[in-house]
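> Take a look at the following structure, please.
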Amino acid sequence: MKIYDELVARGLIAQVTNEEEIKEMVDNGKAVFYIGFDPTADSLHVGHFMALCLMKRLQMAGNKPIALIGGGTAYIGDPSGRTDMRSMMAKETIEHNCECFKKQMSRFIEFGEDKAIMVNNADWLLDLNYIEFIRDIGCCFSVNNMLRAKCYEQRLEKGLSFLEFNYMLMQSYDFLALYEKYGCNMQFGGDDQWSNMLGGTELIRKKLGKDAHAMTITLLLNSEGKKMGKTQSGAVWLDPNKTPPYDFYQYWRNVGDADVLKCIRMLTFLPLEQIDEMDKWEGAQLNKAKEILAYELTKLVHGEEEASKAQIAAQSIFGAGNSENMPECKIEESDLRDGAIDILSVLVKAELVPSRSEARRAVEQGGVTVDGDKVTDIKKLYTKDELANGLVVRRGKKSFKKIVF
């Protein structure tokens with residue numbers, strides 16, 4: 001199976017323009033394609049994961065990825081899927097986030113001469129002359145068509161600023177700039193980016209002629225992937241300092257039964273034949289599928305050693321074995337009051353709950369155990385001596401930490 005058919009079989013393709021031509025280029029390693037990443041934080045998250053995996057697959061098939069960091073568009077903010085305007089970020093914050101993205105992407109994509117390249121749209125957007133830009137680019141866009149675009153749909157109900165209205169022009173100009181500077185002939189993005197991407201394709205044809213080869217393709221799950229990156233306690237980051245490898249492993253280990261095979265198909269590099277066999281799995285076998293998913297993705301992001309440690313830790317917890325590889329929370333002297341710490345403070349300190357009120361609720365509902373014993377007293381205290389050897393604190397069935405002094 002060639003790469004384009006594999007992408008379809010894995011459920012990654014939602015919409016395309018010029019499908020036969022795209023298929024021919026991708027299958028024969030002729031695509032120079034870009035995917036954009038807006039640096040709104042100092043780490044990539046699970047919502048970016050599918051795009052990174054796609055870039056890796058296409059590079060392995062001989063195509064050339066361009067990772068576009070939105071250091072310029074970040075000054076405006078993408079209104080797609082938003083009900084309110086993004087917070088303005090300082091120049092220093094944007095530049096710092098861009099550097100963090102570069103380091104993380106290098107785990108997925110091979111950069112170098114004649115390989116993948118990384119560019120920042122700040123290099124061409126920040127120096128634009130506004131009058132020249134509006135005369136040269138703005139005349140290519142119909143306001144009527146823009147107002148019908150899905151990316152503005154939610155914002156029109158509550159109010160769309162003129163600042164954000166410019167985003168489609170900025171993103172479209174990115175494709176034109178990449179086409180002219182690097183021979184970029186294809187753009188990939190999430191299904192929530194379709195209108196913006198079509199704008200780029202049309203801009204190239206209007207500026208360079210109908211024979212200009214500029215193609216658009218969208219991923220099936222990118223907008224859903226953004227939702228996948230969120231949990232009750234916050235985002236799931238690729239930075240191990242923000243989301244430890246064990247927590248990353250557990251996130252994938254706890255996906256829903258209905259999603260596990262879909263995630264394996266889209267995000268892992270396991271052969272499709274092997275995944276097709278898993279389609280027959282049900283019941284307890286789905287737990288095995290979740291372990292495979294969690295291990296493969298943790299290995300991809302954090303390396304084989306961290307993936308193995310996370311897997312062993314999870315198995316020791318569920319199997320009531322040793323807790324050597326379990327993620328730890330260190331209690332400091334400053335956390336103690338009269339030489340002890342209460343259970344609510346332990347739960348908050350360990351980030352098993354977001355607040356003391358949530359901790360109180362978890363204890364009162366019988367959802368907290370310490371070393372296998374259920375805790376029912378919200379005033380339960382633990383001394384320095386009791387913490388010396390480590391206590392395994394568990395909230396519900398899925399959240400664990402080893403508490404050590």
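By order in the structure tokens, chains are A, B, ...; within a chain, residues start at 1; ligands start at 1, following the order shown.
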May I have all residues of segment 55-274 of chain A that DSSP, computed from the backbone, assigns to strand (DSSP E), given as a PyMOL selection string?

chain A and resi 64-69+117-120+186-190+215-219+230-231+234-235

> Looking only at alpha helix (DSSP H) from DSSP on the backbone, list the matching residues of segment 76-240 of chain A as a ChimeraX atom specification.

/A:91-105,122-125,130-136,143-147,150-158,162-165,167-182,194-208,222-228

> Compile the contact shell of Pro244 of chain A as a PyMOL selection string: residues with an atom at most 10 Å away, counting only C-alpha atoms, same-chain residues fewer than 4 positions apart removed.

chain A and resi 236-240+248-250+302+306+310+327

> Quick one: everything within 10 Å of segment 5-17 of chain A, counting only C-alpha atoms, minus sequence neighbours fewer than 4 positions away in the same chain. Send it as a count of residues only.

35

> Extract, using only C-alpha atoms, all DNA, RNA and protein residues at most 12 Å from Arg361 of chain A, discarding same-chain residues fewer than 3 positions from it, and format them as an MDAnalysis selection string.

chainID A and resid 343:344 347 353:358 364:368 375:378 395:396

> Residues within 10 Å of Tyr34 of chain A, please, as a CSV table (one decimal) with N, CA and C atoms, in the first residue's frame. Count only C-alpha atoms; anything in the same chain fewer than 4 positions from it doesn't count.


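So the final result, stored in result_16.csv, reads:
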chain,number,residue,atom,x,y,z
A,55,MET,N,3.5,14.3,9.6
A,55,MET,CA,4.7,14.9,9.0
A,55,MET,C,5.8,13.8,8.9
A,64,LYS,N,9.0,16.2,1.6
A,64,LYS,CA,9.8,17.2,2.4
A,64,LYS,C,8.8,18.1,3.2
A,65,PRO,N,8.9,18.0,4.6
A,65,PRO,CA,8.0,18.8,5.4
A,65,PRO,C,8.6,20.2,5.7
A,66,ILE,N,7.7,21.1,5.8
A,66,ILE,CA,8.1,22.4,6.3
A,66,ILE,C,7.3,22.7,7.6
A,67,ALA,N,7.9,22.8,8.7
A,67,ALA,CA,7.2,23.1,9.9
A,67,ALA,C,7.2,24.6,10.0
A,68,LEU,N,6.0,25.2,9.9
A,68,LEU,CA,5.9,26.6,10.0
A,68,LEU,C,5.4,27.1,11.4
A,116,ALA,N,13.8,18.1,6.3
A,116,ALA,CA,12.7,19.0,6.7
A,116,ALA,C,13.4,20.3,7.1
A,117,ILE,N,12.6,21.4,6.9
A,117,ILE,CA,13.0,22.7,7.3
A,117,ILE,C,12.0,23.3,8.3
A,118,MET,N,12.5,24.2,9.1
A,118,MET,CA,11.6,24.9,10.0
A,118,MET,C,11.7,26.4,9.8
A,119,VAL,N,10.6,27.1,9.6
A,119,VAL,CA,10.6,28.5,9.3
A,119,VAL,C,9.6,29.2,10.2
A,174,ASP,N,0.9,33.2,4.0
A,174,ASP,CA,2.0,32.2,4.4
A,174,ASP,C,2.2,31.2,3.2
A,175,PHE,N,1.1,30.7,2.7
A,175,PHE,CA,1.3,29.7,1.6
A,175,PHE,C,1.9,30.3,0.4
A,178,LEU,N,5.7,30.7,1.2
A,178,LEU,CA,6.3,29.4,1.2
A,178,LEU,C,6.5,28.8,-0.2
A,179,TYR,N,5.5,29.1,-1.0
A,179,TYR,CA,5.5,28.6,-2.4
A,179,TYR,C,6.6,29.3,-3.2
A,184,CYS,N,7.1,25.3,-1.9
A,184,CYS,CA,6.0,24.5,-1.2
A,184,CYS,C,4.8,24.4,-2.0
A,185,ASN,N,4.4,23.2,-2.3
A,185,ASN,CA,3.3,23.0,-3.3
A,185,ASN,C,2.0,22.3,-2.6
A,186,MET,N,2.1,22.2,-1.3
A,186,MET,CA,1.0,21.5,-0.6
A,186,MET,C,0.9,22.0,0.8
A,187,GLN,N,-0.4,22.1,1.3
A,187,GLN,CA,-0.6,22.5,2.7
A,187,GLN,C,-1.5,21.5,3.4
A,188,PHE,N,-1.2,21.2,4.6
A,188,PHE,CA,-2.0,20.3,5.4
A,188,PHE,C,-2.5,21.0,6.6
A,189,GLY,N,-3.7,20.7,7.1
A,189,GLY,CA,-4.2,21.3,8.3
A,189,GLY,C,-5.4,20.6,8.8

> For Ile94 of chain A, please output as a ChimeraX atom specification all residues within 12 Å (counting only C-alpha atoms; exclusion window: fewer than 4 positions along the same chain).

/A:37-43,69-77,88-90,98-101,120-122

> Looking at only C-alpha atoms, which of A:Gly47, A:Gly200, A:Gly183, A:Gly159 is the one that sits closest to Ala31 of chain A?

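Answer, going by the shortest atom-to-atom distance: A:Gly183.
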
> Measuring between only C-alpha atoms, which one of A:Lys115, A:Ser316, A:Asp342, A:Leu286 shows the shortest distance to Asn254 of chain A?

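For Asn254 of chain A, the nearest of the given residues is A:Leu286.
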
> Please determine, counting only C-alpha atoms, which residue among A:Leu336, A:Ile134, A:Met146, A:Met25 has the shortest atom-to-atom distance to His213 of chain A.

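The closest residue to His213 of chain A is A:Met25.
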
> How many Å separate atom CA of His45 of chain A from atom CA of Ala235 of chain A?

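It comes out at 7.1 Å.
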
> Nearest residue to Phe133 of chain A out of A:Ile403, A:Val346, A:Leu261, A:Met170, using only C-alpha atoms?

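With only C-alpha atoms as the atom set, the closest residue is A:Met170.
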
> Considering only C-alpha atoms, state which residue in the set A:Val255, A:Leu156, A:Met326, A:Ala289 is at the smallest distance from Gly390 of chain A.

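Smallest distance to Gly390 of chain A is found for A:Met326.
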
> Please compute the atom CA of Asp136 of chain A-atom CA of Ser195 of chain A distance, one decimal, in Å.

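Separating atom CA of Asp136 of chain A from atom CA of Ser195 of chain A is a distance of 20.1 Å.
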
> Mind giving me the straight-line distance from atom CA of Gly62 of chain A to atom CA of Leu44 of chain A in Å, one decimal?

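Separating atom CA of Gly62 of chain A from atom CA of Leu44 of chain A is a distance of 24.8 Å.
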
> Find the residue from A:Phe141, A:Tyr182, A:Tyr130, A:Tyr167 that sits nearest to Leu203 of chain A; use only C-alpha atoms when measuring.

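Checking each candidate against Leu203 of chain A, we get A:Phe141 as the closest.
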